[in-house]
>>> print(open('final-v6.csv').read())   # CSV, C-alpha atoms
chain,number,residue,atom,x,y,z
A,771,MET,CA,28.5,-3.8,11.8
A,772,ALA,CA,30.7,-3.6,8.7
A,773,GLN,CA,33.4,-1.1,8.4
A,774,GLY,CA,33.0,0.2,4.9
A,775,SER,CA,30.7,3.3,5.0
A,776,SER,CA,32.6,6.4,4.1
A,777,GLN,CA,32.1,10.0,5.2
A,778,PRO,CA,30.3,12.0,2.5
A,779,LYS,CA,31.8,15.1,1.0
A,780,PRO,CA,29.8,18.4,0.8
A,781,GLY,CA,27.2,17.9,-1.9
A,782,HIS,CA,27.0,14.2,-1.4
A,783,ARG,CA,24.4,13.1,-3.9
A,784,VAL,CA,21.6,10.6,-3.0
A,785,ALA,CA,19.4,9.1,-5.7
A,786,VAL,CA,16.2,7.3,-4.7
A,787,ILE,CA,14.6,4.9,-7.3
A,788,VAL,CA,10.9,5.3,-7.4
A,789,ASP,CA,9.6,2.3,-9.4
A,790,GLU,CA,6.1,1.0,-10.2
A,791,GLY,CA,4.4,0.0,-6.9
A,792,THR,CA,7.1,1.5,-4.7
A,793,ASN,CA,6.1,1.9,-1.0
A,794,PRO,CA,5.6,5.6,-0.3
A,795,PHE,CA,6.6,5.3,3.4
A,796,GLU,CA,10.1,4.3,2.5
A,797,VAL,CA,10.4,7.1,-0.1
A,798,GLY,CA,9.3,9.4,2.6
A,799,VAL,CA,11.9,8.1,5.1
A,800,ALA,CA,14.7,8.6,2.5
A,801,THR,CA,13.6,12.2,1.7
A,802,GLU,CA,13.0,13.0,5.4
A,803,LEU,CA,16.4,11.8,6.6
A,804,PHE,CA,18.5,12.8,3.7
A,805,GLY,CA,16.7,15.6,1.8
A,806,LEU,CA,15.1,18.0,4.2
A,807,PRO,CA,16.7,21.2,5.6
A,808,ARG,CA,18.2,20.8,9.1
A,809,PRO,CA,17.5,23.9,11.1
A,810,GLU,CA,18.1,21.8,14.3
A,811,LEU,CA,21.7,21.7,13.2
A,812,GLY,CA,21.9,25.3,12.3
A,813,LEU,CA,21.9,24.5,8.6
A,814,ALA,CA,19.7,26.2,6.0
A,815,GLY,CA,19.9,23.1,3.7
A,816,PRO,CA,19.9,19.3,4.0
A,817,LEU,CA,22.8,17.0,4.8
A,818,TYR,CA,22.6,15.5,1.3
A,819,ASP,CA,21.6,16.4,-2.2
A,820,VAL,CA,18.6,14.1,-2.9
A,821,THR,CA,17.0,13.2,-6.3
A,822,LEU,CA,14.0,11.0,-6.9
A,823,CYS,CA,14.3,9.2,-10.2
A,824,SER,CA,12.3,6.7,-12.2
A,825,PRO,CA,12.3,4.7,-15.4
A,826,THR,CA,8.9,6.3,-16.3
A,827,ARG,CA,7.6,9.9,-16.3
A,828,GLU,CA,4.7,8.9,-14.0
A,829,VAL,CA,4.9,6.3,-11.3
A,830,ARG,CA,1.9,4.6,-9.7
A,831,MET,CA,2.8,4.0,-6.0
A,832,ASN,CA,1.9,1.0,-3.9
A,833,HIS,CA,-1.7,-0.3,-4.7
A,834,GLY,CA,-2.2,2.8,-7.0
A,835,PHE,CA,-3.0,5.0,-4.0
A,836,PHE,CA,-1.5,7.9,-5.8
A,837,THR,CA,0.7,8.7,-8.9
A,838,MET,CA,4.0,10.5,-8.6
A,839,THR,CA,5.1,12.9,-11.3
A,840,GLY,CA,8.0,15.3,-11.8
A,841,VAL,CA,10.7,12.8,-10.8
A,842,ALA,CA,14.0,12.8,-12.6
A,843,PRO,CA,14.9,10.2,-15.3
A,844,LEU,CA,16.6,7.0,-14.2
A,845,ASP,CA,20.0,8.1,-15.4
A,846,ALA,CA,20.2,10.4,-12.4
A,847,VAL,CA,21.7,7.3,-10.7
A,848,ASP,CA,24.9,7.9,-12.7
A,849,GLU,CA,25.6,11.1,-10.7
A,850,ALA,CA,24.7,9.5,-7.3
A,851,ASP,CA,27.2,8.8,-4.5
A,852,THR,CA,24.5,6.8,-2.7
A,853,LEU,CA,21.7,4.9,-4.2
A,854,VAL,CA,18.5,4.1,-2.2
A,855,VAL,CA,16.1,1.4,-3.4
A,856,PRO,CA,12.8,1.2,-1.5
A,857,GLY,CA,10.6,-1.9,-1.4
A,858,ARG,CA,7.4,-2.8,-3.1
A,859,PRO,CA,4.8,-5.6,-2.4
A,860,ASP,CA,5.1,-7.6,-5.6
A,861,ASN,CA,8.5,-9.1,-4.8
A,862,VAL,CA,8.2,-12.2,-6.9
A,863,VAL,CA,7.9,-10.1,-10.0
A,864,PRO,CA,11.4,-8.9,-11.0
A,865,ARG,CA,12.2,-5.2,-11.5
A,866,GLY,CA,12.4,-4.0,-15.0
A,867,ALA,CA,15.7,-4.5,-16.9
A,868,ALA,CA,16.4,-0.7,-16.8
A,869,VAL,CA,16.2,-0.6,-13.0
A,870,ARG,CA,18.3,-3.7,-12.6
A,871,GLU,CA,21.0,-2.3,-14.9
A,872,ALA,CA,20.9,1.1,-13.1
A,873,ILE,CA,21.5,-0.6,-9.8
A,874,ARG,CA,24.4,-2.7,-11.2
A,875,ARG,CA,26.3,0.1,-12.9
A,876,THR,CA,25.8,2.4,-9.8
A,877,HIS,CA,27.5,-0.2,-7.6
A,878,ALA,CA,30.1,-1.0,-10.2
A,879,ARG,CA,31.5,2.5,-10.2
A,880,GLY,CA,31.9,2.5,-6.4
A,881,ALA,CA,28.8,4.2,-5.1
A,882,ARG,CA,27.1,3.1,-1.9
A,883,VAL,CA,23.9,1.2,-2.4
A,884,MET,CA,21.0,0.9,0.2
A,885,SER,CA,17.8,-1.0,0.1
A,886,LEU,CA,14.8,-0.4,2.4
A,887,CYS,CA,12.5,-3.2,3.4
A,888,THR,CA,12.0,-5.5,0.4
A,889,GLY,CA,14.1,-3.4,-1.9
A,890,SER,CA,16.7,-6.0,-1.1
A,891,PHE,CA,15.0,-8.2,-3.7
A,892,ALA,CA,15.9,-5.7,-6.4
A,893,LEU,CA,19.6,-5.7,-5.2
A,894,ALA,CA,19.6,-9.5,-5.4
A,895,GLU,CA,18.0,-9.4,-8.9
A,896,ALA,CA,20.8,-7.1,-10.0
A,897,GLY,CA,23.4,-9.6,-8.7
A,898,LEU,CA,24.8,-7.4,-5.9
A,899,LEU,CA,24.1,-9.7,-3.0
A,900,GLN,CA,25.6,-13.0,-4.2
A,901,GLY,CA,27.7,-14.3,-1.3
A,902,ARG,CA,27.1,-11.2,0.8
A,903,ARG,CA,25.2,-10.5,4.0
A,904,ALA,CA,21.8,-8.9,3.7
A,905,THR,CA,18.3,-8.7,5.3
A,906,THR,CA,14.8,-8.3,4.2
A,907,HIS,CA,11.3,-8.2,5.8
A,908,TRP,CA,10.7,-11.3,7.9
A,909,ARG,CA,7.4,-12.0,6.1
A,910,TRP,CA,9.3,-12.4,2.8
A,911,ALA,CA,12.4,-14.2,4.2
A,912,ASP,CA,11.4,-17.7,2.9
A,913,THR,CA,10.5,-16.3,-0.5
A,914,PHE,CA,13.8,-14.4,-0.7
A,915,ARG,CA,15.8,-17.6,0.2
A,916,ALA,CA,14.0,-19.6,-2.5
A,917,LEU,CA,14.7,-17.0,-5.2
A,918,HIS,CA,18.2,-16.0,-4.1
A,919,PRO,CA,19.8,-19.0,-2.3
A,920,GLY,CA,23.3,-17.5,-2.7
A,921,VAL,CA,22.7,-14.5,-0.4
A,922,LEU,CA,23.7,-14.8,3.2
A,923,LEU,CA,20.3,-13.7,4.5
A,924,GLU,CA,20.0,-12.5,8.1
A,925,PRO,CA,16.2,-12.4,8.5
A,926,ASP,CA,15.9,-11.5,12.2
A,927,VAL,CA,17.8,-8.2,12.4
A,928,LEU,CA,16.9,-4.6,11.8
A,929,PHE,CA,19.5,-3.8,9.2
A,930,VAL,CA,22.8,-5.1,7.8
A,931,ASP,CA,25.7,-2.8,7.0
A,932,ASP,CA,28.0,-4.8,4.7
A,933,GLY,CA,30.2,-1.8,3.8
A,934,ASP,CA,29.2,-0.5,0.4
A,935,ILE,CA,25.8,-2.3,0.5
A,936,LEU,CA,23.3,-1.8,3.3
A,937,THR,CA,19.9,-3.4,3.7
A,938,ALA,CA,17.0,-2.6,6.1
A,939,SER,CA,14.5,-5.3,7.1
A,940,GLY,CA,11.3,-3.3,7.1
A,941,SER,CA,9.7,0.1,6.7
A,942,ALA,CA,10.3,1.2,10.3
A,943,ALA,CA,13.8,-0.3,10.2
A,944,ALA,CA,14.4,2.0,7.2
A,945,LEU,CA,14.5,4.8,9.8
A,946,ASP,CA,17.1,2.9,11.8
A,947,LEU,CA,19.3,2.3,8.8
A,948,CYS,CA,19.1,5.9,7.5
A,949,LEU,CA,19.9,7.2,11.0
A,950,HIS,CA,22.8,4.7,11.1
A,951,VAL,CA,24.1,6.2,7.8
A,952,VAL,CA,23.8,9.7,9.1
A,953,ARG,CA,25.7,8.7,12.2
A,954,ARG,CA,28.4,7.0,10.2
A,955,ASP,CA,28.7,9.9,7.8
A,956,HIS,CA,28.3,12.9,10.2
A,957,GLY,CA,28.8,11.5,13.7
A,958,ALA,CA,26.7,10.8,16.8
A,959,GLU,CA,25.9,14.4,17.7
A,960,VAL,CA,24.3,15.1,14.3
A,961,ALA,CA,22.4,11.8,14.4
A,962,VAL,CA,21.0,12.5,17.8
A,963,ALA,CA,19.8,15.9,16.7
A,964,VAL,CA,18.1,14.4,13.7
A,965,SER,CA,16.5,11.7,15.8
A,966,ARG,CA,15.2,14.2,18.3
A,967,ARG,CA,13.4,16.1,15.5
A,968,LEU,CA,11.9,12.8,14.3
A,969,VAL,CA,11.0,11.9,17.9
A,970,PHE,CA,12.6,8.5,17.2
A,971,ALA,CA,15.2,6.4,19.0
A,972,ALA,CA,18.7,7.8,18.2
A,973,HIS,CA,20.3,4.4,18.1
A,974,ARG,CA,18.9,0.9,17.7
A,975,ASP,CA,21.7,-1.4,16.7
A,976,GLY,CA,21.3,-3.3,13.5
A,977,GLY,CA,21.5,-6.6,15.3
A,978,GLN,CA,18.3,-6.1,17.2
A,979,LYS,CA,15.3,-8.2,16.4
A,980,GLN,CA,12.9,-7.1,13.6
A,981,PHE,CA,9.8,-7.8,15.6
A,982,VAL,CA,8.8,-8.7,19.2
A,983,GLU,CA,6.3,-10.9,20.8
A,984,ARG,CA,4.3,-8.1,22.4
A,985,PRO,CA,4.6,-4.9,20.4
A,986,LEU,CA,2.9,-2.8,23.1
A,987,PRO,CA,2.9,-3.2,26.9
A,988,ASP,CA,-0.2,-4.8,28.4
A,989,VAL,CA,-0.8,-1.9,30.7
A,990,PRO,CA,0.4,1.7,30.5
A,991,ASP,CA,2.5,1.6,33.7
A,992,GLU,CA,4.8,-1.0,32.1
A,993,SER,CA,6.2,1.6,29.7
A,994,LEU,CA,10.0,1.8,29.9
A,995,ALA,CA,10.1,5.5,28.9
A,996,PRO,CA,10.5,7.0,32.4
A,997,LEU,CA,13.3,4.5,33.2
A,998,LEU,CA,15.1,5.2,30.0
A,999,VAL,CA,15.0,9.0,30.6
A,1000,TRP,CA,16.3,8.4,34.2
A,1001,ALA,CA,19.1,6.1,33.0
A,1002,GLN,CA,20.2,8.4,30.2
A,1003,ALA,CA,20.8,11.2,32.7
A,1004,ARG,CA,23.1,8.9,34.8
A,1005,LEU,CA,25.2,7.1,32.2
A,1006,GLY,CA,28.4,8.1,33.8
A,1007,GLU,CA,27.4,6.5,37.1
A,1008,PRO,CA,28.1,2.8,37.7
A,1009,LEU,CA,24.6,1.7,36.7
A,1010,THR,CA,23.9,-2.0,36.3
A,1011,VAL,CA,21.0,-4.0,35.1
A,1012,ALA,CA,20.1,-4.6,38.8
A,1013,ASP,CA,20.1,-0.9,39.4
A,1014,LEU,CA,17.7,-0.4,36.4
A,1015,ALA,CA,15.4,-3.2,37.8
A,1016,ALA,CA,15.4,-1.7,41.2
A,1017,ARG,CA,14.5,1.7,39.8
A,1018,ALA,CA,11.6,0.1,37.9
A,1019,ALA,CA,10.6,-1.8,41.0
A,1020,VAL,CA,10.7,-5.2,39.1
A,1021,SER,CA,13.0,-8.2,39.1
A,1022,PRO,CA,15.9,-8.3,36.6
A,1023,ALA,CA,14.1,-11.1,34.8
A,1024,THR,CA,10.9,-9.0,34.4
A,1025,LEU,CA,13.0,-6.0,33.2
A,1026,HIS,CA,14.7,-8.2,30.6
A,1027,ARG,CA,11.3,-9.4,29.3
A,1028,ARG,CA,10.0,-5.8,29.1
A,1029,PHE,CA,13.2,-4.6,27.2
A,1030,ARG,CA,12.8,-7.5,24.8
A,1031,ALA,CA,9.1,-6.8,24.3
A,1032,GLN,CA,9.3,-3.0,24.0
A,1033,LEU,CA,12.8,-2.3,22.5
A,1034,GLY,CA,13.8,-5.7,21.0
A,1035,THR,CA,17.0,-5.7,22.9
A,1036,THR,CA,18.4,-6.5,26.4
A,1037,PRO,CA,18.9,-4.0,29.2
A,1038,LEU,CA,22.7,-4.4,29.1
A,1039,ALA,CA,22.9,-4.0,25.3
A,1040,TRP,CA,20.7,-0.9,25.5
A,1041,LEU,CA,22.8,0.6,28.3
A,1042,THR,CA,26.1,-0.1,26.4
A,1043,GLY,CA,24.7,1.4,23.2
A,1044,GLU,CA,23.7,4.6,25.0
A,1045,ARG,CA,27.1,4.8,26.7
A,1046,VAL,CA,28.9,4.4,23.4
A,1047,THR,CA,26.7,7.1,21.8
A,1048,LEU,CA,27.6,9.5,24.7
A,1049,ALA,CA,31.3,8.7,24.4
A,1050,CYS,CA,31.1,9.5,20.7
A,1051,ARG,CA,29.4,12.8,21.4
A,1052,LEU,CA,32.1,13.7,24.0
A,1053,ILE,CA,34.8,13.0,21.4
A,1054,GLU,CA,33.0,15.1,18.9
A,1055,ARG,CA,32.8,18.0,21.4
A,1056,GLY,CA,36.5,18.0,21.8
A,1057,GLU,CA,37.3,15.9,24.8
A,1058,GLU,CA,40.9,14.6,24.1
A,1059,ARG,CA,41.5,12.5,27.2
A,1060,LEU,CA,40.4,8.9,26.5
A,1061,ASP,CA,40.2,8.0,30.2
A,1062,VAL,CA,37.9,11.0,30.8
A,1063,VAL,CA,35.6,10.0,28.0
A,1064,ALA,CA,35.5,6.5,29.3
A,1065,ALA,CA,34.6,7.7,32.9
A,1066,ARG,CA,32.0,10.3,31.8
A,1067,SER,CA,30.2,7.8,29.5
A,1068,GLY,CA,30.2,5.0,32.0
A,1069,LEU,CA,32.4,2.7,29.9
A,1070,GLY,CA,35.0,2.5,32.7
A,1071,THR,CA,38.4,2.1,31.1
A,1072,ALA,CA,40.1,3.5,28.0
A,1073,ALA,CA,40.7,-0.1,26.8
A,1074,ASN,CA,36.9,-0.9,27.1
A,1075,LEU,CA,36.1,2.3,25.3
A,1076,ARG,CA,38.4,1.5,22.4
A,1077,VAL,CA,36.9,-1.9,22.0
A,1078,LEU,CA,33.2,-0.7,22.1
A,1079,VAL,CA,33.7,2.4,20.0
A,1080,ARG,CA,35.4,0.3,17.3
A,1081,ARG,CA,32.7,-2.3,17.5
A,1082,GLU,CA,29.9,0.2,17.2
A,1083,THR,CA,31.4,2.6,14.6
A,1084,GLY,CA,34.1,0.7,12.8
A,1085,LEU,CA,36.6,3.3,13.9
A,1086,SER,CA,39.1,3.7,16.7
A,1087,PRO,CA,38.4,6.6,19.1
A,1088,SER,CA,41.3,8.5,17.5
A,1089,ALA,CA,40.1,7.9,14.0
A,1090,TYR,CA,36.5,8.8,15.1
A,1091,ARG,CA,37.9,12.1,16.4
A,1092,ARG,CA,39.8,12.9,13.3
A,1093,ARG,CA,36.6,12.4,11.2
A,1094,PHE,CA,34.0,14.0,13.5
A,1095,GLY,CA,35.9,16.1,16.1
A,1096,PRO,CA,36.2,19.9,16.2
A,1097,ARG,CA,39.9,19.7,15.3
A,1098,GLY,CA,41.3,17.0,13.1
A,1099,GLY,CA,44.6,15.2,13.3
A,1100,GLU,CA,45.6,15.0,17.0
A,1101,PRO,CA,45.5,11.6,18.6
A,1102,LEU,CA,43.4,11.1,21.7
A,1103,MET,CA,45.3,10.9,24.9
A,1104,SER,CA,45.0,7.9,27.3
>>> encode(input="final-v6.csv", output="structure tokens")
Amino acid sequence: MAQGSSQPKPGHRVAVIVDEGTNPFEVGVATELFGLPRPELGLAGPLYDVTLCSPTREVRMNHGFFTMTGVAPLDAVDEADTLVVPGRPDNVVPRGAAVREAIRRTHARGARVMSLCTGSFALAEAGLLQGRRATTHWRWADTFRALHPGVLLEPDVLFVDDGDILTASGSAAALDLCLHVVRRDHGAEVAVAVSRRLVFAAHRDGGQKQFVERPLPDVPDESLAPLLVWAQARLGEPLTVADLAARAAVSPATLHRRFRAQLGTTPLAWLTGERVTLACRLIERGEERLDVVAARSGLGTAANLRVLVRRETGLSPSAYRRRFGPRGGEPLMS
């Protein structure tokens, strides 16, 4: 994960470009994650100030399924702190000049820019991705490479956070990326609350695979859900992959295959990610002792905690606490 995402100030403005043929699901993801009120957080309003904008007064959505009206003019991007560019199916046809220029000038003045699914084509057309890391939908990876050979494409991950530019690989991965942004901006506690409302996984790391060989288990009793709930209640215990396999009554190799098939990751990576999320939540709740955070989250030592929290969030535990903890300024105690 890159280290460049910044914490939004109150009234952080998000503009979502709705262009001809835009995929409505991704527009819905952006408005759901960023633009809706958050009563689950005790807030009457949303976490961000969201505006949909377009180069035209009426916009035909993907395959003409419906037409969107009432959106703001495209120059709304000039007030945005974050710009979101959803995808559309006709990726070999460049976006209009007005959209490309809007993306360029938004990035040039220092705003954060995000693409969802094949919206990365628009970012590349605007010249933002030359020599930089990015991803796109696996189905369009070869086309993307042919059109934009100077981009460091990572076609088999869920999303890429390259600091001020973030790209999600597919429509469902848009949820992962937007939750990642909420987590980077507001902390793990807020992201977990939002994910619970969505009934969606709180944290799938960007490096996980876009797709899996077997999207659904062959039989219902192979679902990992009961095991995940059991493990999440015991993260502070010395759980190992062997313990998870024993609980599921399968071999470690079989457990590994099921995690790959159902979650797109390994048992150890999942367990580590859950423990880091728990550690971040403990820091946010005010626990000042680093060794206590490490022990209660199952990460073992303060040194291990420092390494993993920095790897997952881009921040040291002390910096994370200053940003998201109940009281800023004091360093965490080892």
>>> atom_distance(input="final-v6.csv", atom1="CA of Val788 in chain A", atom2="CA of Ser824 in chain A")
5.2 Å
>>> atom_distance(input="final-v6.csv", atom1="CA of Gly901 in chain A", atom2="CA of Arg954 in chain A")
24.2 Å
>>> residues_around(input="final-v6.csv", residues="Ala963 in chain A", least_positions_apart="3", cutoff="9 Å", atoms="all atoms listed in the file", output="PyMOL selection string")
chain A and resi 810-811+958-960+966-968+972
>>> closest_residue(input="final-v6.csv", among="A:Glu1082, A:Pro825, A:Ser885, A:Arg1066", to="Ala868 in chain A", atoms="only C-alpha atoms")
A:Pro825
>>> atom_distance(input="final-v6.csv", atom1="CA of Arg1093 in chain A", atom2="CA of Gly957 in chain A")
8.2 Å
>>> residues_around(input="final-v6.csv", residues="range 841-852 of chain A", least_positions_apart="4", cutoff="6 Å", atoms="all atoms listed in the file", output="ChimeraX atom specification")
/A:783-785,822-825,881-883
>>> residues_around(input="final-v6.csv", residues="Phe929 in chain A", least_positions_apart="2", cutoff="8 Å", atoms="all atoms listed in the file", output="PyMOL selection string")
chain A and resi 904-905+927+931+936-939+943-944+946-947+976-977
>>> residues_around(input="final-v6.csv", residues="Thr888 in chain A", least_positions_apart="5", cutoff="8 Å", atoms="all atoms listed in the file", output="list of chain:residue names")
A:Pro856, A:Gly857, A:Arg858, A:Pro859, A:Asn861, A:Thr906, A:His907, A:Trp910, A:Ser939, A:Gly940
>>> decode(input="final-v6.csv", residues="range 833-847 of chain A", atoms="N, CA and C atoms", output="tab-separated table (two decimals), in the first residue's frame")
chain	number	residue	atom	x	y	z
A	833	HIS	N	-25.44	1.13	-21.43
A	833	HIS	CA	-26.40	0.49	-22.33
A	833	HIS	C	-27.76	1.21	-22.37
A	834	GLY	N	-27.78	2.47	-22.01
A	834	GLY	CA	-29.01	3.24	-22.09
A	834	GLY	C	-30.11	2.75	-21.17
A	835	PHE	N	-29.73	2.06	-20.09
A	835	PHE	CA	-30.74	1.48	-19.20
A	835	PHE	C	-31.60	2.57	-18.56
A	836	PHE	N	-30.99	3.71	-18.24
A	836	PHE	CA	-31.76	4.85	-17.79
A	836	PHE	C	-30.93	6.10	-18.03
A	837	THR	N	-31.57	7.25	-17.93
A	837	THR	CA	-30.91	8.53	-18.12
A	837	THR	C	-30.89	9.29	-16.80
A	838	MET	N	-29.74	9.82	-16.46
A	838	MET	CA	-29.61	10.58	-15.22
A	838	MET	C	-29.68	12.06	-15.54
A	839	THR	N	-30.45	12.79	-14.76
A	839	THR	CA	-30.58	14.24	-14.91
A	839	THR	C	-30.32	14.90	-13.56
A	840	GLY	N	-30.19	16.21	-13.59
A	840	GLY	CA	-30.04	16.95	-12.34
A	840	GLY	C	-28.65	16.93	-11.75
A	841	VAL	N	-27.65	16.45	-12.50
A	841	VAL	CA	-26.29	16.44	-11.97
A	841	VAL	C	-25.65	17.81	-12.19
A	842	ALA	N	-24.59	18.08	-11.44
A	842	ALA	CA	-23.91	19.37	-11.52
A	842	ALA	C	-23.07	19.45	-12.79
A	843	PRO	N	-22.73	20.66	-13.23
A	843	PRO	CA	-21.82	20.80	-14.36
A	843	PRO	C	-20.44	20.23	-14.04
A	844	LEU	N	-19.67	19.96	-15.08
A	844	LEU	CA	-18.37	19.32	-14.90
A	844	LEU	C	-17.41	20.18	-14.11
A	845	ASP	N	-17.58	21.50	-14.12
A	845	ASP	CA	-16.64	22.34	-13.38
A	845	ASP	C	-16.75	22.18	-11.87
A	846	ALA	N	-17.68	21.33	-11.42
A	846	ALA	CA	-17.73	21.01	-9.98
A	846	ALA	C	-16.44	20.33	-9.52
A	847	VAL	N	-15.71	19.73	-10.47
A	847	VAL	CA	-14.44	19.09	-10.09
A	847	VAL	C	-13.45	20.11	-9.54
